[in-house]
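Participant: Here it is, the structure in full.
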Amino acid sequence: MSLRFGTAGIPHSVKQRSTENGIKWLAELGFGCMEMEFVRSVQMKEQRAQKVKEVAEQEGIELTVHAPYYVNLNSREAEKVNASKERILKAARVGWAAGAHSLTFHAAFYHDDDHEDVFRKVLSELKELRTIMDDEGIEMDLRPETTGSPTQFGTVAEILRLSQEIPGVYPCVDFSHLQARSNGQHNTYEDFAAVLEAIKKHLGRDALNQMHMHLSGIDYGPKGEKKHVPLPDADMNYEAVLQVLLDYDVGGWLICESPVLEDDAKILSDTYERLQKDET
Ligand SMILES: [Zn+2]
């Protein structure tokens, strides 16, 4: 399988910051993908997105999208749920115009609600979103992310259940979030392998051929994620993650969200290559 490495957004070492220049620079550095970070809002217009698509295709860089953070499909206010869905849809439309393959987002907060009730609520909202996307011909994966805090909806089990219930919905696995939400417990080869086993069991081997993943250093506490930190400053066992991805022959996109984006993405891809060589 081919696994592509890339950055969450435009690399820092790009001279004139733009999505197009970010894509060109990543290709120059030898990376294979980039996530478009619409995390505050979706500013890009569809016309501009079509230009991005041309550049990405020319440069051989595949794109993924991160929808705005201000999403909560379990808000008590109907207005906020609707605004959340609009944000996801806007990111989907612009991302699709840019030729992106996958859209990830943080689905919801539990508040004090029963987790099963939250699951039902998210399921019904996501079904609606997927239907709208299908009607509009947006053939992009819709991928709720495994989240970094125990107050957020998004365990591996929850996301896998959603994926089983709705065609076109798949997990975005953020390994750093899994470590953070467990206050550091989830950080061994066996832990990471268990995630891939669960995906294989519930969604089939094909799901491993095209995975959307996040990996970076992370600072955490009992309440989960505090902030992303550079890999060398974190205890994230990224080498074990990469070994598991290699052993399970995982393909797709591995996005680095570190504060030193391309430096850490390079550490990841170099380590992966070294592990690959060790095996042959
Ligand atoms: Zn995210």
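Ordered as shown in the structure tokens, chains take letters A, B, and onward, while each chain numbers its residues from 1 and ligands are numbered from 1 in the order shown.
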Could I get the residue neighbourhood of ligand 1 at 8 Å, counting only C-alpha atoms and all ligand atoms, as a PyMOL selection string?
Facilitator: chain A and resi 66+69+104-106+145+147+174+214
Participant: Can you list every residue in segment 2-222 of chain A that DSSP puts in strand (DSSP E), as a PyMOL selection string?
Facilitator: chain A and resi 3-8+33-37+62-66+102-105+141-144+172-174+211-214+217-221
Participant: Take the selection from the previous step and output its residues with N, CA and C atoms, as a compact mmCIF listing (two decimals), in the first residue's frame.
Facilitator:
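The resulting file, again-v3.txt, is shown below:
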# COMPACT_ATOMS: atom_id res chain seq x y z
N LEU A 3 1.51 4.74 1.52
CA LEU A 3 1.16 5.65 2.60
C LEU A 3 1.82 6.99 2.31
N ARG A 4 1.00 8.04 2.29
CA ARG A 4 1.52 9.38 2.02
C ARG A 4 1.65 10.16 3.31
N PHE A 5 2.73 10.93 3.39
CA PHE A 5 2.96 11.79 4.55
C PHE A 5 2.78 13.25 4.15
N GLY A 6 2.28 14.04 5.09
CA GLY A 6 2.12 15.46 4.78
C GLY A 6 1.82 16.29 6.01
N THR A 7 1.54 17.56 5.77
CA THR A 7 1.37 18.50 6.88
C THR A 7 -0.09 18.97 6.99
N ALA A 8 -0.43 19.40 8.19
CA ALA A 8 -1.74 20.00 8.44
C ALA A 8 -1.62 21.47 8.09
N CYS A 33 1.12 14.46 0.55
CA CYS A 33 -0.23 14.97 0.78
C CYS A 33 -0.21 16.23 1.66
N MET A 34 -1.35 16.92 1.69
CA MET A 34 -1.50 18.08 2.56
C MET A 34 -2.95 18.17 3.02
N GLU A 35 -3.14 18.56 4.27
CA GLU A 35 -4.50 18.78 4.76
C GLU A 35 -4.80 20.27 4.67
N MET A 36 -5.93 20.61 4.07
CA MET A 36 -6.34 22.01 4.05
C MET A 36 -7.06 22.29 5.37
N GLU A 37 -6.53 23.24 6.11
CA GLU A 37 -7.02 23.50 7.47
C GLU A 37 -8.04 24.62 7.45
N GLU A 62 -1.83 14.71 -2.84
CA GLU A 62 -3.25 14.45 -2.55
C GLU A 62 -3.69 15.31 -1.37
N LEU A 63 -4.95 15.74 -1.42
CA LEU A 63 -5.44 16.67 -0.39
C LEU A 63 -6.50 16.03 0.51
N THR A 64 -6.46 16.44 1.77
CA THR A 64 -7.54 16.14 2.71
C THR A 64 -7.99 17.48 3.29
N VAL A 65 -9.11 17.46 4.00
CA VAL A 65 -9.66 18.70 4.55
C VAL A 65 -9.98 18.53 6.03
N HIS A 66 -9.69 19.55 6.82
CA HIS A 66 -10.16 19.60 8.20
C HIS A 66 -11.23 20.69 8.30
N SER A 102 -10.82 13.37 1.40
CA SER A 102 -11.37 13.03 2.70
C SER A 102 -11.55 14.29 3.54
N LEU A 103 -12.64 14.30 4.31
CA LEU A 103 -12.96 15.45 5.17
C LEU A 103 -13.08 14.97 6.61
N THR A 104 -12.30 15.57 7.50
CA THR A 104 -12.41 15.20 8.90
C THR A 104 -12.92 16.35 9.75
N PHE A 105 -13.48 16.00 10.91
CA PHE A 105 -14.05 17.02 11.81
C PHE A 105 -14.26 16.39 13.18
N ASP A 141 -14.81 11.08 1.30
CA ASP A 141 -15.08 10.40 2.56
C ASP A 141 -15.46 11.44 3.62
N LEU A 142 -16.41 11.08 4.45
CA LEU A 142 -16.79 11.92 5.60
C LEU A 142 -16.24 11.19 6.82
N ARG A 143 -15.30 11.86 7.52
CA ARG A 143 -14.57 11.12 8.56
C ARG A 143 -14.56 11.82 9.91
N PRO A 144 -15.47 11.45 10.80
CA PRO A 144 -15.36 11.95 12.18
C PRO A 144 -14.05 11.47 12.80
N CYS A 172 -11.41 8.93 11.00
CA CYS A 172 -10.11 9.57 10.91
C CYS A 172 -9.44 9.26 12.24
N VAL A 173 -8.35 8.51 12.20
CA VAL A 173 -7.71 8.09 13.44
C VAL A 173 -6.59 9.05 13.81
N ASP A 174 -6.79 9.76 14.90
CA ASP A 174 -5.73 10.63 15.42
C ASP A 174 -5.07 9.90 16.59
N MET A 211 -6.55 5.00 4.68
CA MET A 211 -6.79 5.54 6.02
C MET A 211 -6.43 7.02 6.06
N HIS A 212 -7.23 7.77 6.79
CA HIS A 212 -6.94 9.18 7.05
C HIS A 212 -6.52 9.25 8.51
N MET A 213 -5.27 9.71 8.76
CA MET A 213 -4.72 9.67 10.12
C MET A 213 -3.99 10.95 10.47
N HIS A 214 -3.95 11.23 11.77
CA HIS A 214 -3.18 12.34 12.31
C HIS A 214 -2.17 11.79 13.31
N GLY A 217 3.35 15.05 18.19
CA GLY A 217 3.58 15.03 19.63
C GLY A 217 2.43 15.74 20.32
N ILE A 218 2.13 15.33 21.55
CA ILE A 218 0.99 15.96 22.23
C ILE A 218 1.25 16.04 23.74
N ASP A 219 0.80 17.15 24.31
CA ASP A 219 0.87 17.35 25.76
C ASP A 219 -0.54 17.13 26.30
N TYR A 220 -0.64 16.40 27.42
CA TYR A 220 -1.97 16.00 27.90
C TYR A 220 -1.99 15.91 29.42
N GLY A 221 -3.16 15.76 29.98
CA GLY A 221 -3.34 15.56 31.41
C GLY A 221 -4.61 14.76 31.63
Participant: Apply DSSP to the structure's backbone, then extract all residues of segment 99-241 of chain A labelled alpha helix (DSSP H) and return them as number ranges by chain.
Facilitator: A: 115-135, 156-165, 175-181, 189-203, 206-209, 238-241
Participant: What's the separation between atom CA of Val118 of chain A and atom CA of Gly168 of chain A, in Å to one decimal place?
Facilitator: 20.4 Å
Participant: I'd like the neighbourhood of Asp270 of chain A as a list of chain:residue names, where a residue qualifies if any of its atoms comes within 12 Å (using only C-alpha atoms), though same-chain residues fewer than 5 positions away should be ignored.
Facilitator: A:Phe5, A:Gly30, A:Phe31, A:Tyr238, A:Glu239, A:Leu242, A:Glu262, A:Asp263, A:Asp264, A:Ala265, A:Leu275, A:Gln276, A:Lys277
Participant: Create the file for the chosen residues now, containing C-alpha atoms and written as a short mmCIF file (atom, residue, chain, number, x, y, z; two decimals), in the first residue's frame.
Facilitator:
data_model
loop_
_atom_site.label_atom_id
_atom_site.label_comp_id
_atom_site.auth_asym_id
_atom_site.auth_seq_id
_atom_site.Cartn_x
_atom_site.Cartn_y
_atom_site.Cartn_z
CA PHE A 5 2.96 11.79 4.55
CA GLY A 30 9.24 14.89 -1.22
CA PHE A 31 5.92 14.67 0.64
CA TYR A 238 5.44 7.39 16.98
CA GLU A 239 7.90 4.72 15.94
CA LEU A 242 4.69 3.61 12.11
CA GLU A 262 7.23 19.82 7.99
CA ASP A 263 10.15 19.10 10.36
CA ASP A 264 8.12 16.51 12.23
CA ALA A 265 6.46 15.21 9.07
CA LEU A 275 11.64 0.72 9.35
CA GLN A 276 10.78 -0.35 5.82
CA LYS A 277 14.45 -0.91 4.99
#
Participant: May I have the residues within 8 Å of Pro230 of chain A as a compact mmCIF listing (two decimals) with all heavy atoms, in the first residue's frame, using only C-alpha atoms and disregarding those fewer than 2 positions away in the same chain?
Facilitator:
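Output below, filename part_10.txt:
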# COMPACT_ATOMS: atom_id res chain seq x y z
N SER A 216 1.18 13.39 15.79
CA SER A 216 2.16 14.41 16.19
C SER A 216 2.42 14.25 17.67
O SER A 216 1.79 13.42 18.33
CB SER A 216 1.64 15.82 15.87
OG SER A 216 0.31 15.96 16.28
N GLY A 217 3.35 15.05 18.19
CA GLY A 217 3.58 15.03 19.63
C GLY A 217 2.43 15.74 20.32
O GLY A 217 1.83 16.65 19.75
N ILE A 218 2.13 15.33 21.55
CA ILE A 218 0.99 15.96 22.23
C ILE A 218 1.25 16.04 23.74
O ILE A 218 1.87 15.17 24.33
CB ILE A 218 -0.32 15.19 21.91
CG1 ILE A 218 -1.55 16.04 22.25
CG2 ILE A 218 -0.38 13.84 22.60
CD1 ILE A 218 -2.80 15.61 21.49
N HIS A 228 -0.58 20.48 20.97
CA HIS A 228 0.38 19.72 20.17
C HIS A 228 1.78 20.25 20.45
O HIS A 228 1.97 21.46 20.60
CB HIS A 228 0.07 19.87 18.68
CG HIS A 228 -1.16 19.15 18.25
ND1 HIS A 228 -1.28 17.79 18.33
CD2 HIS A 228 -2.33 19.59 17.74
CE1 HIS A 228 -2.47 17.42 17.88
NE2 HIS A 228 -3.14 18.50 17.52
N PRO A 232 10.06 15.52 19.18
CA PRO A 232 11.18 15.25 20.09
C PRO A 232 10.88 15.67 21.54
O PRO A 232 11.55 15.20 22.46
CB PRO A 232 12.33 16.10 19.52
CG PRO A 232 11.95 16.35 18.10
CD PRO A 232 10.46 16.42 18.09
N ASP A 233 9.89 16.55 21.76
CA ASP A 233 9.55 17.01 23.11
C ASP A 233 8.40 16.22 23.72
O ASP A 233 7.92 16.57 24.80
CB ASP A 233 9.13 18.50 23.09
CG ASP A 233 10.19 19.39 22.47
OD1 ASP A 233 11.35 18.95 22.41
OD2 ASP A 233 9.84 20.49 22.02
N ALA A 234 7.93 15.20 23.04
CA ALA A 234 6.74 14.47 23.50
C ALA A 234 7.08 13.00 23.75
O ALA A 234 8.11 12.51 23.30
CB ALA A 234 5.65 14.57 22.45
N SER A 258 1.90 18.83 14.02
CA SER A 258 2.86 19.39 14.97
C SER A 258 3.07 20.89 14.76
O SER A 258 2.86 21.41 13.66
CB SER A 258 4.19 18.66 14.76
OG SER A 258 5.25 19.45 15.14
N PRO A 259 3.48 21.62 15.81
CA PRO A 259 3.79 23.05 15.61
C PRO A 259 4.97 23.26 14.66
O PRO A 259 5.10 24.35 14.09
CB PRO A 259 4.13 23.56 17.01
CG PRO A 259 4.03 22.41 17.94
CD PRO A 259 3.61 21.19 17.20
N VAL A 260 5.83 22.26 14.49
CA VAL A 260 6.92 22.38 13.51
C VAL A 260 6.61 21.47 12.32
O VAL A 260 7.38 20.60 11.93
CB VAL A 260 8.30 22.03 14.12
CG1 VAL A 260 8.74 23.10 15.10
CG2 VAL A 260 8.28 20.68 14.83
N ASP A 264 8.60 17.76 11.63
CA ASP A 264 8.12 16.51 12.23
C ASP A 264 7.56 15.54 11.17
O ASP A 264 7.71 14.33 11.30
CB ASP A 264 7.06 16.80 13.29
CG ASP A 264 7.68 17.16 14.64
OD1 ASP A 264 8.93 17.17 14.73
OD2 ASP A 264 6.93 17.42 15.60
